[in-house]
file target_33.cif (mmCIF, C-alpha atoms and all ligand atoms)
data_entry
loop_
_atom_site.label_atom_id
_atom_site.label_comp_id
_atom_site.auth_asym_id
_atom_site.auth_seq_id
_atom_site.Cartn_x
_atom_site.Cartn_y
_atom_site.Cartn_z
CA MET A 1 6.51 -159.40 -140.87
CA ALA A 2 8.53 -157.39 -138.44
CA LEU A 3 11.10 -157.99 -135.76
CA ARG A 4 9.93 -157.27 -132.23
CA ASP A 5 12.12 -156.18 -129.34
CA VAL A 6 12.71 -158.98 -126.83
CA VAL A 7 12.01 -157.92 -123.23
CA LYS A 8 14.98 -158.60 -120.97
CA ASP A 9 15.12 -159.94 -117.41
CA GLY A 10 14.47 -157.18 -114.90
CA ASP A 11 11.35 -155.96 -116.70
CA ASP A 12 8.23 -156.54 -114.55
CA ILE A 13 6.23 -157.88 -117.49
CA LEU A 14 8.25 -161.11 -117.38
CA ARG A 15 6.94 -161.71 -113.85
CA LYS A 16 3.21 -161.29 -114.50
CA VAL A 17 0.58 -163.97 -114.94
CA CYS A 18 -0.66 -163.54 -118.50
CA ARG A 19 -4.29 -163.39 -119.60
CA GLU A 20 -6.18 -165.79 -121.83
CA GLN A 21 -6.19 -165.00 -125.55
CA THR A 22 -9.83 -164.71 -126.57
CA THR A 23 -9.69 -163.37 -130.14
CA PHE A 24 -8.41 -165.39 -133.09
CA ASP A 25 -8.04 -162.91 -135.90
CA ALA A 26 -5.56 -161.61 -138.46
CA ARG A 27 -3.85 -159.51 -135.81
CA LEU A 28 -3.02 -162.60 -133.73
CA GLY A 29 -1.63 -164.28 -136.85
CA GLN A 30 0.51 -161.23 -137.54
CA ILE A 31 1.93 -161.22 -134.03
CA LEU A 32 2.69 -164.95 -134.20
CA ASP A 33 4.46 -164.41 -137.54
CA ASP A 34 6.47 -161.57 -136.00
CA MET A 35 7.35 -163.79 -133.04
CA LEU A 36 8.68 -166.46 -135.39
CA GLU A 37 10.83 -163.96 -137.27
CA THR A 38 12.10 -162.52 -133.98
CA MET A 39 12.87 -165.96 -132.54
CA LYS A 40 14.76 -167.05 -135.64
CA ALA A 41 16.76 -163.81 -135.78
CA ALA A 42 17.78 -164.36 -132.15
CA GLU A 43 18.51 -168.07 -132.80
CA GLY A 44 16.12 -169.23 -130.09
CA VAL A 45 13.86 -172.28 -130.03
CA GLY A 46 10.92 -170.69 -128.26
CA LEU A 47 9.34 -167.31 -127.57
CA ALA A 48 6.38 -166.35 -125.40
CA ALA A 49 4.08 -163.34 -125.80
CA PRO A 50 5.29 -161.59 -122.61
CA GLN A 51 8.80 -161.63 -124.09
CA ILE A 52 7.59 -159.17 -126.71
CA GLY A 53 5.65 -157.17 -124.16
CA LEU A 54 2.21 -158.79 -124.52
CA MET A 55 0.63 -160.22 -121.37
CA LYS A 56 -1.22 -162.96 -123.20
CA ARG A 57 -1.18 -166.73 -122.87
CA TYR A 58 0.53 -167.85 -126.03
CA ALA A 59 3.96 -168.89 -127.21
CA ILE A 60 5.74 -170.46 -130.13
CA CYS A 61 7.95 -173.52 -129.73
CA GLN A 62 10.41 -175.01 -132.20
CA MET A 63 10.42 -178.79 -132.07
CA GLU A 64 13.49 -180.98 -132.48
CA SER A 65 12.20 -181.68 -136.01
CA ASN A 66 12.19 -177.88 -136.61
CA GLU A 67 8.40 -177.84 -136.78
CA ILE A 68 6.94 -174.72 -135.16
CA VAL A 69 4.08 -175.28 -132.73
CA GLU A 70 1.93 -172.35 -131.66
CA LEU A 71 0.53 -172.88 -128.16
CA ILE A 72 -2.39 -170.62 -127.35
CA ASN A 73 -3.99 -170.91 -123.89
CA PRO A 74 -2.11 -174.16 -123.23
CA VAL A 75 -3.03 -176.44 -120.32
CA VAL A 76 -1.21 -179.54 -119.12
CA LEU A 77 -3.35 -182.68 -119.26
CA ALA A 78 -0.60 -185.06 -118.21
CA ALA A 79 3.11 -184.99 -117.42
CA SER A 80 5.58 -187.68 -116.41
CA GLY A 81 9.24 -188.56 -116.28
CA GLU A 82 12.06 -186.18 -115.52
CA ALA A 83 15.33 -185.12 -117.08
CA VAL A 84 17.86 -182.41 -116.32
CA MET A 85 19.35 -180.38 -119.17
CA ASN A 86 20.85 -176.92 -119.57
CA GLU A 87 18.46 -174.22 -120.69
CA GLY A 88 18.83 -170.65 -121.78
CA CYS A 89 16.34 -167.90 -122.58
CA LEU A 90 16.30 -165.00 -125.04
CA SER A 91 15.23 -162.73 -122.16
CA VAL A 92 18.18 -163.83 -119.99
CA PRO A 93 21.25 -163.49 -122.22
CA LYS A 94 24.36 -165.58 -121.65
CA LYS A 95 22.92 -167.59 -118.77
CA TYR A 96 22.64 -171.38 -119.07
CA LEU A 97 21.56 -173.52 -116.15
CA PRO A 98 20.36 -177.10 -115.63
CA VAL A 99 16.58 -177.42 -115.20
CA LYS A 100 14.54 -180.51 -114.39
CA ARG A 101 11.59 -181.02 -116.74
CA PRO A 102 9.15 -183.83 -117.51
CA THR A 103 10.07 -186.05 -120.45
CA TYR A 104 6.44 -186.57 -121.41
CA LEU A 105 3.75 -183.95 -121.69
CA LYS A 106 0.20 -184.02 -122.97
CA LEU A 107 -1.22 -180.57 -123.69
CA ARG A 108 -4.49 -179.06 -124.73
CA TYR A 109 -4.23 -175.71 -126.46
CA GLN A 110 -5.67 -173.69 -129.30
CA ASN A 111 -4.07 -172.98 -132.65
CA ARG A 112 -4.18 -169.58 -134.40
CA LYS A 113 -7.60 -170.43 -135.85
CA GLY A 114 -8.96 -171.00 -132.36
CA GLU A 115 -9.31 -174.75 -132.87
CA THR A 116 -8.66 -176.92 -129.81
CA VAL A 117 -5.76 -179.34 -130.18
CA GLU A 118 -4.55 -182.14 -127.93
CA ARG A 119 -1.02 -183.35 -128.51
CA GLU A 120 1.77 -185.24 -126.79
CA PHE A 121 5.35 -183.97 -126.54
CA ARG A 122 8.48 -185.82 -125.49
CA ASP A 123 12.02 -185.02 -124.35
CA PHE A 124 13.38 -181.86 -126.00
CA ASP A 125 9.96 -180.88 -127.33
CA ALA A 126 8.37 -181.28 -123.88
CA ARG A 127 11.17 -179.18 -122.38
CA VAL A 128 10.65 -176.29 -124.80
CA CYS A 129 6.89 -176.34 -124.19
CA CYS A 130 7.39 -176.30 -120.40
CA HIS A 131 9.87 -173.42 -120.58
CA GLU A 132 7.52 -171.35 -122.74
CA MET A 133 4.43 -172.15 -120.64
CA ASP A 134 6.31 -171.03 -117.52
CA HIS A 135 6.71 -167.61 -119.16
CA LEU A 136 2.91 -167.32 -119.25
CA ASP A 137 2.91 -167.55 -115.44
CA GLY A 138 5.81 -165.17 -114.87
CA ILE A 139 8.32 -167.93 -114.18
CA LEU A 140 11.87 -167.80 -115.58
CA PHE A 141 13.99 -170.92 -116.07
CA TYR A 142 16.59 -169.99 -113.48
CA ASP A 143 13.87 -169.97 -110.79
CA LYS A 144 13.83 -173.75 -111.29
CA ALA A 145 17.53 -174.34 -111.83
CA VAL A 146 18.86 -177.48 -110.20
CA LYS A 147 21.39 -176.70 -107.50
CA GLU A 148 24.83 -177.94 -108.54
CO CO B 201 12.52 -168.14 -122.10
#

call {"tool": "encode", "arguments": {"input": "target_33.cif", "output": "structure tokens", "more": "lines below"}}
Ligand code: CO
result
Amino acid sequence: MALRDVVKDGDDILRKVCREQTTFDARLGQILDDMLETMKAAEGVGLAAPQIGLMKRYAICQMESNEIVELINPVVLAASGEAVMNEGCLSVPKKYLPVKRPTYLKLRYQNRKGETVEREFRDFDARVCCHEMDHLDGILFYDKAVKE
């Protein structure tokens, strides 16, 4: 495994719409492992491919239980509820702002083997998934910050 550099706000790559991941091979697994190491070293709870310079639709999310979920080509099947909580981002150091997110999310995505998964997420877990999925569409959390 290896640490990757985290792209910081101001770099155009964070504003691009990422492309579908179509290959599920050892290289993808290696990148996901690197992302986990990088996220842990930076003490984050999520990291998306564009944050390490790859314009691909995948991200890793750390659940409240500490489980790591790998979302590849995620799509939202259902979302409901709303809650406002402060968020931060490894690409936007030292900035924490309140963002409104759904409290319930049902997603369809692929795992690193390319298998399709459907799963529900709530509260903190739903928030992390939403934040990371926004990265895949070039959206940063402060774009959605609630005006105080
Ligand atoms: Co982020």

call {"tool": "residues_near_ligand", "arguments": {"input": "target_33.cif", "ligand": "ligand CO 201 (chain B)", "cutoff": "12 Å", "atoms": "all atoms listed in the file", "output": "ChimeraX atom specification"}}
result
/A:6-9,14-15,39,42,44-52,59-61,87-93,95-96,127-143

call {"tool": "closest_residue", "arguments": {"input": "target_33.cif", "among": "A:Ala83, A:Leu54, A:Ala2, A:Leu32", "to": "Arg19 (chain A)", "atoms": "all atoms listed in the file"}}
result
A:Leu54

call {"tool": "closest_residue", "arguments": {"input": "target_33.cif", "among": "A:Ser65, A:Thr23, A:Asn86, A:Thr38", "to": "Asn111 (chain A)", "atoms": "all atoms listed in the file"}}
result
A:Thr23

call {"tool": "atom_distance", "arguments": {"input": "target_33.cif", "atom1": "CA of Phe124 (chain A)", "atom2": "CA of Glu82 (chain A)"}}
result
11.4 Å

call {"tool": "axis_aligned_box", "arguments": {"input": "target_33.cif", "around": "region 13-28 of chain A", "padding_each_side": "8 Å", "output": "JSON"}}
result
{"center_x": -0.8, "center_y": -161.8, "center_z": -126.2, "size_x": 34.1, "size_y": 23.9, "size_z": 40.6}

call {"tool": "atom_distance", "arguments": {"input": "target_33.cif", "atom1": "CA of Phe121 (chain A)", "atom2": "CA of Tyr58 (chain A)"}}
result
16.8 Å

call {"tool": "closest_residue", "arguments": {"input": "target_33.cif", "among": "A:Arg119, A:Gly81, A:Asn73, A:Asp33", "to": "Cys18 (chain A)", "atoms": "all atoms listed in the file"}}
result
A:Asn73

call {"tool": "closest_residue", "arguments": {"input": "target_33.cif", "among": "A:Lys94, A:Lys106, A:Lys100, A:Lys113", "to": "Glu70 (chain A)", "atoms": "all atoms listed in the file"}}
result
A:Lys113

call {"tool": "closest_residue", "arguments": {"input": "target_33.cif", "among": "A:Ala41, A:Asp34, A:Val117, A:Leu97", "to": "Val75 (chain A)", "atoms": "all atoms listed in the file"}}
result
A:Val117

call {"tool": "closest_residue", "arguments": {"input": "target_33.cif", "among": "A:Lys144, A:Leu107, A:Gly10, A:Arg112", "to": "Arg27 (chain A)", "atoms": "all atoms listed in the file"}}
result
A:Arg112

call {"tool": "atom_distance", "arguments": {"input": "target_33.cif", "atom1": "CA of Lys56 (chain A)", "atom2": "CA of Val146 (chain A)"}}
result
28.0 Å

call {"tool": "residues_around", "arguments": {"input": "target_33.cif", "residues": "Arg122 (chain A)", "least_positions_apart": "5", "cutoff": "8 Å", "atoms": "all atoms listed in the file", "output": "mmCIF file with C-alpha atoms, in the coordinates of the input"}}
result
data_model
loop_
_atom_site.group_PDB
_atom_site.id
_atom_site.type_symbol
_atom_site.label_atom_id
_atom_site.label_comp_id
_atom_site.auth_asym_id
_atom_site.auth_seq_id
_atom_site.Cartn_x
_atom_site.Cartn_y
_atom_site.Cartn_z
ATOM 1 C CA THR A 103 10.070 -186.050 -120.450
ATOM 2 C CA TYR A 104 6.440 -186.570 -121.410
ATOM 3 C CA LEU A 105 3.750 -183.950 -121.690
ATOM 4 C CA ARG A 127 11.170 -179.180 -122.380
#

call {"tool": "decode", "arguments": {"input": "target_33.cif", "residues": "region 26-106 of chain A", "atoms": "C-alpha atoms", "output": "mmCIF file, in the first residue's frame"}}
result
data_model
loop_
_atom_site.group_PDB
_atom_site.id
_atom_site.type_symbol
_atom_site.label_atom_id
_atom_site.label_comp_id
_atom_site.auth_asym_id
_atom_site.auth_seq_id
_atom_site.Cartn_x
_atom_site.Cartn_y
_atom_site.Cartn_z
ATOM 1 C CA ALA A 26 -6.250 -5.920 -9.075
ATOM 2 C CA ARG A 27 -5.328 -2.346 -9.951
ATOM 3 C CA LEU A 28 -8.678 -1.053 -8.693
ATOM 4 C CA GLY A 29 -8.195 -3.023 -5.477
ATOM 5 C CA GLN A 30 -4.739 -1.504 -5.066
ATOM 6 C CA ILE A 31 -6.061 2.023 -5.503
ATOM 7 C CA LEU A 32 -8.876 1.404 -3.003
ATOM 8 C CA ASP A 33 -6.335 0.054 -0.506
ATOM 9 C CA ASP A 34 -4.174 3.145 -1.047
ATOM 10 C CA MET A 35 -7.217 5.362 -0.552
ATOM 11 C CA LEU A 36 -7.948 3.687 2.778
ATOM 12 C CA GLU A 37 -4.380 4.163 3.974
ATOM 13 C CA THR A 38 -4.436 7.791 2.814
ATOM 14 C CA MET A 39 -7.792 8.488 4.475
ATOM 15 C CA LYS A 40 -6.685 6.976 7.778
ATOM 16 C CA ALA A 41 -3.386 8.880 7.745
ATOM 17 C CA ALA A 42 -5.326 12.117 7.239
ATOM 18 C CA GLU A 43 -7.905 11.120 9.895
ATOM 19 C CA GLY A 44 -10.819 11.471 7.504
ATOM 20 C CA VAL A 45 -14.000 9.405 7.275
ATOM 21 C CA GLY A 46 -14.320 9.396 3.503
ATOM 22 C CA LEU A 47 -12.271 9.834 0.347
ATOM 23 C CA ALA A 48 -13.320 9.965 -3.296
ATOM 24 C CA ALA A 49 -11.234 9.040 -6.353
ATOM 25 C CA PRO A 50 -11.007 12.638 -7.673
ATOM 26 C CA GLN A 51 -9.380 13.595 -4.363
ATOM 27 C CA ILE A 52 -6.386 11.488 -5.368
ATOM 28 C CA GLY A 53 -6.477 12.783 -8.919
ATOM 29 C CA LEU A 54 -8.573 10.048 -10.569
ATOM 30 C CA MET A 55 -11.714 11.146 -12.407
ATOM 31 C CA LYS A 56 -13.606 7.961 -11.662
ATOM 32 C CA ARG A 57 -16.890 7.288 -9.918
ATOM 33 C CA TYR A 58 -15.826 5.616 -6.711
ATOM 34 C CA ALA A 59 -15.206 6.497 -3.103
ATOM 35 C CA ILE A 60 -14.617 4.944 0.276
ATOM 36 C CA CYS A 61 -16.767 5.793 3.288
ATOM 37 C CA GLN A 62 -16.145 5.004 6.943
ATOM 38 C CA MET A 63 -19.349 4.151 8.764
ATOM 39 C CA GLU A 64 -20.150 5.123 12.334
ATOM 40 C CA SER A 65 -19.369 1.483 13.219
ATOM 41 C CA ASN A 66 -15.912 1.976 11.596
ATOM 42 C CA GLU A 67 -16.814 -0.402 8.778
ATOM 43 C CA ILE A 68 -15.397 0.748 5.437
ATOM 44 C CA VAL A 69 -17.813 0.755 2.516
ATOM 45 C CA GLU A 70 -16.473 1.029 -1.019
ATOM 46 C CA LEU A 71 -18.990 2.726 -3.316
ATOM 47 C CA ILE A 72 -18.280 2.167 -6.991
ATOM 48 C CA ASN A 73 -20.633 3.775 -9.539
ATOM 49 C CA PRO A 74 -23.157 4.585 -6.796
ATOM 50 C CA VAL A 75 -26.709 5.687 -7.610
ATOM 51 C CA VAL A 76 -29.378 6.903 -5.214
ATOM 52 C CA LEU A 77 -32.500 4.722 -5.227
ATOM 53 C CA ALA A 78 -34.251 6.569 -2.415
ATOM 54 C CA ALA A 79 -33.581 9.400 0.017
ATOM 55 C CA SER A 80 -35.645 10.967 2.773
ATOM 56 C CA GLY A 81 -35.462 13.028 5.929
ATOM 57 C CA GLU A 82 -33.087 15.880 6.556
ATOM 58 C CA ALA A 83 -30.576 16.909 9.175
ATOM 59 C CA VAL A 84 -28.004 19.678 9.425
ATOM 60 C CA MET A 85 -24.533 18.911 10.777
ATOM 61 C CA ASN A 86 -21.056 20.375 10.369
ATOM 62 C CA GLU A 87 -18.908 18.776 7.704
ATOM 63 C CA GLY A 88 -15.307 19.057 6.688
ATOM 64 C CA CYS A 89 -13.298 17.658 3.790
ATOM 65 C CA LEU A 90 -9.710 16.487 3.384
ATOM 66 C CA SER A 91 -9.496 18.620 0.223
ATOM 67 C CA VAL A 92 -10.679 21.753 2.063
ATOM 68 C CA PRO A 93 -8.488 21.977 5.171
ATOM 69 C CA LYS A 94 -9.666 23.734 8.312
ATOM 70 C CA LYS A 95 -13.125 24.563 6.983
ATOM 71 C CA TYR A 96 -16.211 23.220 8.771
ATOM 72 C CA LEU A 97 -19.698 24.261 7.759
ATOM 73 C CA PRO A 98 -23.249 23.031 8.398
ATOM 74 C CA VAL A 99 -24.738 21.033 5.512
ATOM 75 C CA LYS A 100 -28.254 19.654 5.150
ATOM 76 C CA ARG A 101 -28.331 15.977 4.174
ATOM 77 C CA PRO A 102 -30.947 13.227 4.046
ATOM 78 C CA THR A 103 -31.122 10.976 7.099
ATOM 79 C CA TYR A 104 -32.060 7.947 5.024
ATOM 80 C CA LEU A 105 -30.478 6.788 1.813
ATOM 81 C CA LYS A 106 -30.863 3.679 -0.284
#
